[in-house]
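Read through the structure below, which is laid out as C-alpha cells, and then see the notes.
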Amino acid sequence: MEIVEGKRIFNGIVIGKPYIDNKKNIEIKCYDISEDEIEDEIDRLKTAVEAAKLEIKHLKESLKGRIKKEELQILVVHKMLLEDPQFMSDIKKAVKLEKKNVEYIVRKVADKYIIMFESLYDPIYKQRALDIKDISERIIYNLVFLSSTYKELEGKILIGKELFPSELLKIYYSGIKLGGIILEYAGETSHTAILAKAMEIPTIMGVKNLFEVNWGELLILDTVSEEPRIINDPDEKTLKIYEEKAKKFKKATEEIEKSINLPSVTLDKEEIDLYINLGGRLDITEINKKNPQGIGLLRTELIYMDNDEFPSEEKQMKLYEKIAEDFGKKKPIIIRTLDIGADKNLPYYAMEPEENPSLGCRGIRFTLSNRDIFKTQLKAILRASIDNEIKIMYPMVTTVKEIRESKKLLIQCKEELKEEGIAYREEIEVGIMIEVPSVVLLAETFAKEVDFFSIGTNDLTQYILATDRFSEAVHDIYNSLDPAVLKAVDIVAQAGKKFNKKVSVCGEMAGDEIGALALMSLGIKNLSMIPSSIPKIRNLVRKIEFKKLGQLREKILESLSPKEVKEILEEYLKNL
Ligand code: PEP
Ligand code: MG
C-alpha cells in the first residue's frame, strides 16, 4: 500500500481500477488482415498521424515560454519526422506486403530505424533514434487509443501526465464515464480542471513523479479528506474504511442536494443569484435539476472545439437556441464570444506561435483581428436572441477601444442582417469579463461603456499576481484569495454599485465555499459556477447573514496573505 498526494480538483471518493495513460511502451497485438482491409489500415495510420501532429502542436503551444527554445525544437523535429515521406512510405509498403495490423508494422519499422541510428557513432544519430521511438509510440498510442474508442476507460481512474481539454471532451462525448482522473499537470483553473469539475469526475492534479509509482490493480482516489490522496494497492482494512467513507460522502451529498428547490437567500433576506458556467455539450436536463438562475458564462470556445471547422452562423444560431430552449426560455444566458488562445486552441486553426500566449492574441484580441469569425458569431447570437434572454459578453478586454470597436461591429452585424431581411434582436445587453488589471483600474470608465461586468477570477488572478495559471513552478503564488485579487474584486464591485451595473463573478472561486464567502463579504451577489457546485453554495448562502459577513470586508482586505484570508473565513464558516 502506498499513499500519493496531490491537489483536489473535484470532490469524491472512488475505489477503482487504474487506466495508465503512459503513452509509452504500449502492448500491441499482431494480427493478420485481408487484402480488402489494407486501405482501412492505411486510413487508420493517417488519422493517427494527424492526431499525433495535433498533439505536438498543442504541446508546443502549451510549453512555449515555459521551457527553453532548444527543448521546444525537439517538437519541431518530431513534427518533421511525422511528415517524413520515407518513414511513412516504409510503413505503408510493409502493411501491404506483410498484411498485418498497422500498429504492429509501425513498431516493426520504427525498431528497424532505431537499431540503425543507434549503431551509428555520432550522438546526433543516437538522439534521432530516441526521436523515432517517441513519435512511433505517439502514433501507436493514437492507433490503439483511437480504435478502442475509449471503451477501456469506462469507470476507470485515468492516470496521465496531462490531458488536453479536447481529449477530455472526446472521451465524454463518446459516452464514457471516467471513474476519476489523476494527473501530473497542476493547473487547478486550467480548462481540463474546469471540464473535469463540470463533468463531476473526482480529480487530483499536480501529483509529482506519477510514473515512478508502481500502480497496482486497485486504487482509492480520495479528494474529500483534508489532504487529497491516492491510495495505491489498498489493504483489506483500508478498503473497508473507505467503502464506509464513500457511503457517508454520498449520503452527505444527497443531503445537500435536498436544498435544491429552496430559494438562494441569506438569513437576512439578501438574494444571492447562482448561475452556471457551461461549456460543451453537457446534459442540460441534469443541470436544470440544480435549479440555477441562468447561465452566467457560456464558454463558446468549447462549442467551437467540438467541430471540425469554424461553425457557421446557422449552426451556431441553432445551437444557442437549443441551449436556451433546453434551459428554459425565461432564464438569462450570457454568451461569451470566442475566447481562444493560451491553453484553448481549435484543432482546425493554427494560432500564430507566440513567446507568451497568455499575454498574446487571445479572447477579444483574436476576434477583433479575425473579424469574419467574430461577425459570424455575433450574428448567430443576435438571431438566437429573438425569443431568448441572451446577453453578449466579451473576454479578455483590456482597453476601451476594444469595447468601442466591438460595439461598432455589433451595429454593423445588425445592419447586415437587416439588409438580408433576417430577423434578429435589436436591444441586447453587452457586458465584459474583468480579467485584466487595466480594466480593474479603470472600472468606473468601463462601467459607463457596458451593461454588466463579470469578473473572471481565474485569469484576473494570473494577471494581478503576474503568475501563469498553468505553471507548476509558481503554483504556490497563484491564489484567488490573495488580498491583491480581492482588492481588485472590491474595486470592481464598488464601481458597479456606483454606476448601477450588475457585477458577477464567474471564476472558479465562486463555486468554492471559502471563495464564495470572500466574494460575498465584498458585496458580490451574483455567482456563476460549475453546476455541481450550486447545491453546496446554495446551502451555504442559506446559512449566512449577508450584513454580518460584510463586516469582515476590511479585515480581509487588510490581510497580508491568502492564508490569512482563508483562516478568517474558515473561522466564520465554523461558527455558522
Ligand atoms: C476566468 O478567467 O475566470 C474565466 C471564467 O474564464 P476562463 O476560465 O474560461 O479563462
Ligand atoms: Mg478567462
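Simple scheme: letters A, B, ... for chains in C-alpha cells order, numbers from 1 for residues in each chain, numbers from 1 for ligands in the order shown.
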Subject >> Within 10 Å of range 77-82 of chain A using only C-alpha atoms, minus same-chain residues under 4 positions, as number ranges by chain >> reply: A: 49-50, 52-57, 72-73, 86-88, 128, 131-132, 134-136, 138-139
Produce a file of the selected residues containing N, CA, C and O atoms, as a CSV table (one decimal), in the first residue's frame.
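Saved file again-v3.csv follows:
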```csv
chain,number,residue,atom,x,y,z
A,49,VAL,N,-1.7,9.6,-37.4
A,49,VAL,CA,-0.5,10.6,-37.6
A,49,VAL,C,-1.1,12.0,-37.5
A,49,VAL,O,-0.4,12.8,-36.9
A,50,GLU,N,-2.2,12.3,-38.0
A,50,GLU,CA,-2.8,13.6,-37.9
A,50,GLU,C,-3.0,13.9,-36.4
A,50,GLU,O,-2.7,15.0,-35.9
A,52,ALA,N,-1.4,12.7,-33.9
A,52,ALA,CA,-0.1,12.9,-33.3
A,52,ALA,C,0.4,14.3,-33.6
A,52,ALA,O,1.0,15.0,-32.7
A,53,LYS,N,0.2,14.7,-34.8
A,53,LYS,CA,0.7,16.1,-35.2
A,53,LYS,C,0.0,17.2,-34.4
A,53,LYS,O,0.6,18.1,-33.9
A,54,LEU,N,-1.3,17.0,-34.2
A,54,LEU,CA,-2.1,17.9,-33.4
A,54,LEU,C,-1.6,18.0,-32.0
A,54,LEU,O,-1.5,19.0,-31.4
A,55,GLU,N,-1.3,16.8,-31.4
A,55,GLU,CA,-0.9,16.7,-30.0
A,55,GLU,C,0.4,17.5,-29.9
A,55,GLU,O,0.6,18.3,-29.0
A,56,ILE,N,1.3,17.3,-30.9
A,56,ILE,CA,2.6,18.0,-30.8
A,56,ILE,C,2.4,19.5,-30.9
A,56,ILE,O,3.0,20.3,-30.2
A,57,LYS,N,1.5,19.9,-31.7
A,57,LYS,CA,1.2,21.3,-31.9
A,57,LYS,C,0.7,21.9,-30.6
A,57,LYS,O,1.1,22.9,-30.1
A,72,LEU,N,12.2,23.1,-27.1
A,72,LEU,CA,11.0,23.2,-27.9
A,72,LEU,C,11.3,22.7,-29.3
A,72,LEU,O,10.4,22.2,-30.0
A,73,GLN,N,12.6,22.9,-29.7
A,73,GLN,CA,13.0,22.5,-31.0
A,73,GLN,C,12.8,21.0,-31.3
A,73,GLN,O,12.5,20.5,-32.4
A,86,GLN,N,9.7,9.1,-46.3
A,86,GLN,CA,10.4,7.7,-46.4
A,86,GLN,C,9.8,6.8,-45.3
A,86,GLN,O,9.4,5.7,-45.5
A,87,PHE,N,9.8,7.4,-44.1
A,87,PHE,CA,9.3,6.6,-42.9
A,87,PHE,C,7.8,6.2,-43.2
A,87,PHE,O,7.5,5.0,-43.0
A,88,MET,N,7.0,7.1,-43.6
A,88,MET,CA,5.6,6.8,-43.8
A,88,MET,C,5.4,5.7,-45.0
A,88,MET,O,4.6,4.8,-44.9
A,128,ARG,N,18.4,10.9,-32.7
A,128,ARG,CA,17.4,10.6,-33.8
A,128,ARG,C,16.7,9.3,-33.4
A,128,ARG,O,15.4,9.2,-33.6
A,131,ASP,N,14.1,10.1,-31.0
A,131,ASP,CA,13.0,10.8,-31.6
A,131,ASP,C,12.1,9.9,-32.3
A,131,ASP,O,10.9,10.0,-32.2
A,132,ILE,N,12.7,8.9,-33.0
A,132,ILE,CA,11.8,7.9,-33.8
A,132,ILE,C,11.0,7.1,-32.8
A,132,ILE,O,9.8,6.9,-33.0
A,134,ASP,N,10.0,8.0,-29.9
A,134,ASP,CA,9.0,8.9,-29.3
A,134,ASP,C,7.8,9.1,-30.3
A,134,ASP,O,6.6,8.8,-29.9
A,135,ILE,N,8.1,9.4,-31.6
A,135,ILE,CA,6.9,9.6,-32.5
A,135,ILE,C,6.2,8.3,-32.8
A,135,ILE,O,5.0,8.3,-33.0
A,136,SER,N,7.0,7.2,-32.9
A,136,SER,CA,6.3,6.0,-33.3
A,136,SER,C,5.4,5.6,-32.2
A,136,SER,O,4.3,5.1,-32.4
A,138,ARG,N,3.9,7.6,-30.1
A,138,ARG,CA,2.8,8.5,-30.2
A,138,ARG,C,1.8,8.0,-31.2
A,138,ARG,O,0.6,8.0,-31.0
A,139,ILE,N,2.3,7.6,-32.4
A,139,ILE,CA,1.3,7.1,-33.4
A,139,ILE,C,0.6,5.8,-32.9
A,139,ILE,O,-0.6,5.7,-33.0
```
Original post:
Per DSSP on the backbone, what are the strand (DSSP E or B) residues of range 379-412 of chain A, as a VMD selection string?
Top reply: chain A and resid 390 to 394
Subject >> Distance query Phe452 in chain A at most 7 Å, only C-alpha atoms, self and fewer than 6 positions along chain excluded, as a ChimeraX atom specification >> reply: /A:430-432,501-503
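Distance-wise, CA of Gly456 in chain A and CA of Lys258 in chain A end up 29.3 Å apart.
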What are the closest atom pairs, with distances in Å to one decimal, for each residue of chain A lying within 7 Å of ligand 1, using only C-alpha atoms and all ligand atoms, rows by chain and rising residue number, as a tab-separated table?
```
residue	atom	partner	partner_atom_place_in_ligand_line	distance
A:Thr189	CA	ligand 1	8 (O)	6.6
A:His191	CA	ligand 1	8 (O)	6.6
A:Arg299	CA	ligand 1	9 (O)	6.4
A:Glu435	CA	ligand 1	2 (O)	6.0
A:Ile455	CA	ligand 1	3 (O)	6.6
A:Gly456	CA	ligand 1	3 (O)	2.9
A:Thr457	CA	ligand 1	3 (O)	4.1
A:Asn458	CA	ligand 1	3 (O)	3.5
A:Asp459	CA	ligand 1	2 (O)	3.8
A:Leu460	CA	ligand 1	2 (O)	6.3
A:Cys506	CA	ligand 1	5 (C)	5.0
A:Gly507	CA	ligand 1	3 (O)	3.5
A:Glu508	CA	ligand 1	3 (O)	6.5
```
Subject >> Exercise answer, 12 Å around ligand 2 with only C-alpha atoms and all ligand atoms, as an MDAnalysis selection string >> reply: chainID A and resid 189:191 194 277 297:299 301 336:344 358:359 362:364 393:397 432:436 454:463 469 505:508
Original post:
CA of Leu552 in chain A to CA of Leu481 in chain A: how many Å, to one decimal?
Top reply: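 Taking CA of Leu552 in chain A as the start and CA of Leu481 in chain A as the end point, the length is 13.9 Å.
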Original post:
Which residues come within 9 Å of Asn307 in chain A, counting only C-alpha atoms, excluding same-chain residues fewer than 3 positions away, as a list in words?
Top reply: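 Near Asn307 in chain A, the qualifying residues are Ile303, Tyr304, Phe310, Pro311, Leu346, Pro347 and Tyr348 of chain A.
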